[in-house]
Amino acid sequence: MKSNILKTTLYTIIVSLSFLQSSCQEKKANNQSSITNESIKSNYPEALTDAEWKAKLTPNQYYIMVQQGTEPPFNNAFYDNHKKGIYVSAATGKPLFSSEDKFDSGTGWPSFTKPITEDAVIWVRDESHGMVRDEVIEKATVLHLGHVFNDGPNPTGLRYCINSGALKFIENK
């Protein structure tokens, strides 16, 4: 008798969890399909269409920022830049990183311990190329900048590994 009650209870739990999982998957699929250019535009007013970015950016900037490309290590403008100043978005000119937070990571890309302000960039999950990483995007435009890793120096322990092609440098005078 106890065995039948246990089996029935277990069966009820399994069926309930199956329905719950199915319901959550439908919600997730519906939310993903509702992301449109209009919703991006309303949440990120400085975001442009691919065609508009193509007209505004250089081919290298477009490849990196819109197509989420990566430039070669050690063969880019700022990996070895030791001048004092700020790094701004190549697309908008908005400040993103400071030379005060730049360090030599040995990776061949400019690396920073933190963005210039908390709301300059955001992280999104990137599952491309068979890896799971945190992509760094410009908050104002949702354009790709690079990735962030948890192997940086103090005080943050983070390494913002950023493509030079997504940046312009403004030297302190």
# chains A, B, ... in the order shown; residues from 1 in each chain; ligands from 1
call {"tool": "residues_around", "arguments": {"residues": "A:His147", "least_positions_apart": "3", "cutoff": "10 Å", "atoms": "only C-alpha atoms", "output": "ChimeraX atom specification"}}
result
/A:111,123-126,133-137,144,159-163
call {"tool": "residues_around", "arguments": {"residues": "A:Ser99", "least_positions_apart": "5", "cutoff": "7 Å", "atoms": "only C-alpha atoms", "output": "list in words"}}
result
Lys84, Gly85 and Ile86 of chain A
call {"tool": "atom_distance", "arguments": {"atom1": "atom CA of A:Phe149", "atom2": "atom CA of A:Gly108"}}
result
14.7 Å
call {"tool": "atom_distance", "arguments": {"atom1": "atom CA of A:Gly93", "atom2": "atom CA of A:Glu71"}}
result
20.0 Å
call {"tool": "closest_residue", "arguments": {"among": "A:Leu143, A:Ile170, A:Val148, A:Ala91", "to": "A:Val66", "atoms": "only C-alpha atoms"}}
result
A:Leu143
call {"tool": "closest_residue", "arguments": {"among": "A:Val88, A:Leu48, A:Ile116, A:Leu158", "to": "A:Leu145", "atoms": "only C-alpha atoms"}}
result
A:Val88
call {"tool": "atom_distance", "arguments": {"atom1": "atom CA of A:Ala55", "atom2": "atom CA of A:Glu138"}}
result
18.7 Å
call {"tool": "residues_around", "arguments": {"residues": "A:Ala120", "least_positions_apart": "3", "cutoff": "9 Å", "atoms": "only C-alpha atoms", "output": "list in words"}}
result
Lys94, Pro95, Leu96, Phe97, Pro115, Ile116, Thr117, Ile137, Glu138, Lys139 and Ala140 of chain A
call {"tool": "write_last_selection", "arguments": {"atoms": "all heavy atoms", "output": "PDB file, in the first residue's frame"}}
result
ATOM      1  N   LYS A  94      31.692  57.889 -27.002  1.00  0.00           N
ATOM      2  CA  LYS A  94      31.416  57.866 -25.558  1.00  0.00           C
ATOM      3  C   LYS A  94      32.593  57.225 -24.821  1.00  0.00           C
ATOM      4  O   LYS A  94      33.133  56.213 -25.270  1.00  0.00           O
ATOM      5  CB  LYS A  94      30.147  57.078 -25.266  1.00  0.00           C
ATOM      6  CG  LYS A  94      28.883  57.785 -25.703  1.00  0.00           C
ATOM      7  CD  LYS A  94      27.670  56.998 -25.255  1.00  0.00           C
ATOM      8  CE  LYS A  94      26.410  57.689 -25.683  1.00  0.00           C
ATOM      9  NZ  LYS A  94      26.037  58.788 -24.817  1.00  0.00           N
ATOM     10  N   PRO A  95      32.988  57.789 -23.668  1.00  0.00           N
ATOM     11  CA  PRO A  95      34.086  57.212 -22.876  1.00  0.00           C
ATOM     12  C   PRO A  95      33.741  55.796 -22.405  1.00  0.00           C
ATOM     13  O   PRO A  95      32.652  55.553 -21.900  1.00  0.00           O
ATOM     14  CB  PRO A  95      34.208  58.160 -21.686  1.00  0.00           C
ATOM     15  CG  PRO A  95      33.566  59.432 -22.130  1.00  0.00           C
ATOM     16  CD  PRO A  95      32.484  59.034 -23.085  1.00  0.00           C
ATOM     17  N   LEU A  96      34.692  54.877 -22.590  1.00  0.00           N
ATOM     18  CA  LEU A  96      34.483  53.482 -22.184  1.00  0.00           C
ATOM     19  C   LEU A  96      35.506  53.015 -21.150  1.00  0.00           C
ATOM     20  O   LEU A  96      35.148  52.348 -20.183  1.00  0.00           O
ATOM     21  CB  LEU A  96      34.539  52.560 -23.406  1.00  0.00           C
ATOM     22  CG  LEU A  96      33.470  52.777 -24.469  1.00  0.00           C
ATOM     23  CD1 LEU A  96      33.730  51.868 -25.678  1.00  0.00           C
ATOM     24  CD2 LEU A  96      32.084  52.527 -23.903  1.00  0.00           C
ATOM     25  N   PHE A  97      36.781  53.336 -21.360  1.00  0.00           N
ATOM     26  CA  PHE A  97      37.847  52.860 -20.483  1.00  0.00           C
ATOM     27  C   PHE A  97      38.888  53.955 -20.287  1.00  0.00           C
ATOM     28  O   PHE A  97      39.048  54.829 -21.131  1.00  0.00           O
ATOM     29  CB  PHE A  97      38.529  51.609 -21.074  1.00  0.00           C
ATOM     30  CG  PHE A  97      37.601  50.440 -21.230  1.00  0.00           C
ATOM     31  CD1 PHE A  97      36.952  50.202 -22.430  1.00  0.00           C
ATOM     32  CD2 PHE A  97      37.355  49.583 -20.164  1.00  0.00           C
ATOM     33  CE1 PHE A  97      36.081  49.134 -22.572  1.00  0.00           C
ATOM     34  CE2 PHE A  97      36.484  48.512 -20.297  1.00  0.00           C
ATOM     35  CZ  PHE A  97      35.840  48.291 -21.508  1.00  0.00           C
ATOM     36  N   PRO A 115      35.482  49.255 -16.605  1.00  0.00           N
ATOM     37  CA  PRO A 115      35.095  50.341 -17.512  1.00  0.00           C
ATOM     38  C   PRO A 115      35.210  51.688 -16.798  1.00  0.00           C
ATOM     39  O   PRO A 115      35.311  51.749 -15.560  1.00  0.00           O
ATOM     40  CB  PRO A 115      33.639  50.014 -17.860  1.00  0.00           C
ATOM     41  CG  PRO A 115      33.158  49.140 -16.771  1.00  0.00           C
ATOM     42  CD  PRO A 115      34.355  48.440 -16.194  1.00  0.00           C
ATOM     43  N   ILE A 116      35.157  52.747 -17.556  1.00  0.00           N
ATOM     44  CA  ILE A 116      35.317  54.088 -16.988  1.00  0.00           C
ATOM     45  C   ILE A 116      34.172  54.446 -16.041  1.00  0.00           C
ATOM     46  O   ILE A 116      34.373  55.124 -15.049  1.00  0.00           O
ATOM     47  CB  ILE A 116      35.512  55.143 -18.102  1.00  0.00           C
ATOM     48  CG1 ILE A 116      36.185  56.382 -17.551  1.00  0.00           C
ATOM     49  CG2 ILE A 116      34.224  55.434 -18.836  1.00  0.00           C
ATOM     50  CD1 ILE A 116      36.837  57.257 -18.606  1.00  0.00           C
ATOM     51  N   THR A 117      32.953  53.960 -16.345  1.00  0.00           N
ATOM     52  CA  THR A 117      31.805  54.079 -15.441  1.00  0.00           C
ATOM     53  C   THR A 117      31.054  52.754 -15.484  1.00  0.00           C
ATOM     54  O   THR A 117      31.146  52.013 -16.460  1.00  0.00           O
ATOM     55  CB  THR A 117      30.832  55.214 -15.835  1.00  0.00           C
ATOM     56  OG1 THR A 117      30.274  54.934 -17.115  1.00  0.00           O
ATOM     57  CG2 THR A 117      31.520  56.568 -15.852  1.00  0.00           C
ATOM     58  N   ILE A 137      29.586  44.626 -24.349  1.00  0.00           N
ATOM     59  CA  ILE A 137      28.997  45.457 -25.396  1.00  0.00           C
ATOM     60  C   ILE A 137      28.825  46.881 -24.880  1.00  0.00           C
ATOM     61  O   ILE A 137      28.695  47.117 -23.681  1.00  0.00           O
ATOM     62  CB  ILE A 137      27.648  44.897 -25.904  1.00  0.00           C
ATOM     63  CG1 ILE A 137      26.618  44.814 -24.797  1.00  0.00           C
ATOM     64  CG2 ILE A 137      27.836  43.545 -26.561  1.00  0.00           C
ATOM     65  CD1 ILE A 137      25.252  44.388 -25.276  1.00  0.00           C
ATOM     66  N   GLU A 138      28.865  47.813 -25.813  1.00  0.00           N
ATOM     67  CA  GLU A 138      28.625  49.206 -25.463  1.00  0.00           C
ATOM     68  C   GLU A 138      27.150  49.353 -25.111  1.00  0.00           C
ATOM     69  O   GLU A 138      26.279  48.998 -25.903  1.00  0.00           O
ATOM     70  CB  GLU A 138      28.994  50.116 -26.629  1.00  0.00           C
ATOM     71  CG  GLU A 138      28.812  51.579 -26.315  1.00  0.00           C
ATOM     72  CD  GLU A 138      29.182  52.499 -27.467  1.00  0.00           C
ATOM     73  OE1 GLU A 138      29.460  52.022 -28.579  1.00  0.00           O
ATOM     74  OE2 GLU A 138      29.176  53.715 -27.230  1.00  0.00           O
ATOM     75  N   LYS A 139      26.874  49.872 -23.940  1.00  0.00           N
ATOM     76  CA  LYS A 139      25.489  49.952 -23.475  1.00  0.00           C
ATOM     77  C   LYS A 139      24.619  50.849 -24.355  1.00  0.00           C
ATOM     78  O   LYS A 139      23.464  50.543 -24.608  1.00  0.00           O
ATOM     79  CB  LYS A 139      25.445  50.444 -22.031  1.00  0.00           C
ATOM     80  CG  LYS A 139      24.051  50.437 -21.441  1.00  0.00           C
ATOM     81  CD  LYS A 139      24.044  50.816 -19.991  1.00  0.00           C
ATOM     82  CE  LYS A 139      22.638  50.748 -19.430  1.00  0.00           C
ATOM     83  NZ  LYS A 139      22.615  51.134 -18.035  1.00  0.00           N
ATOM     84  N   ALA A 140      25.163  51.930 -24.853  1.00  0.00           N
ATOM     85  CA  ALA A 140      24.370  52.882 -25.627  1.00  0.00           C
ATOM     86  C   ALA A 140      23.932  52.333 -26.978  1.00  0.00           C
ATOM     87  O   ALA A 140      22.904  52.734 -27.515  1.00  0.00           O
ATOM     88  CB  ALA A 140      25.160  54.179 -25.836  1.00  0.00           C
TER      89      ALA A 140
END
call {"tool": "closest_residue", "arguments": {"among": "A:Ala77, A:Val121, A:Val132, A:Val142", "to": "A:Asn43", "atoms": "only C-alpha atoms"}}
result
A:Val142
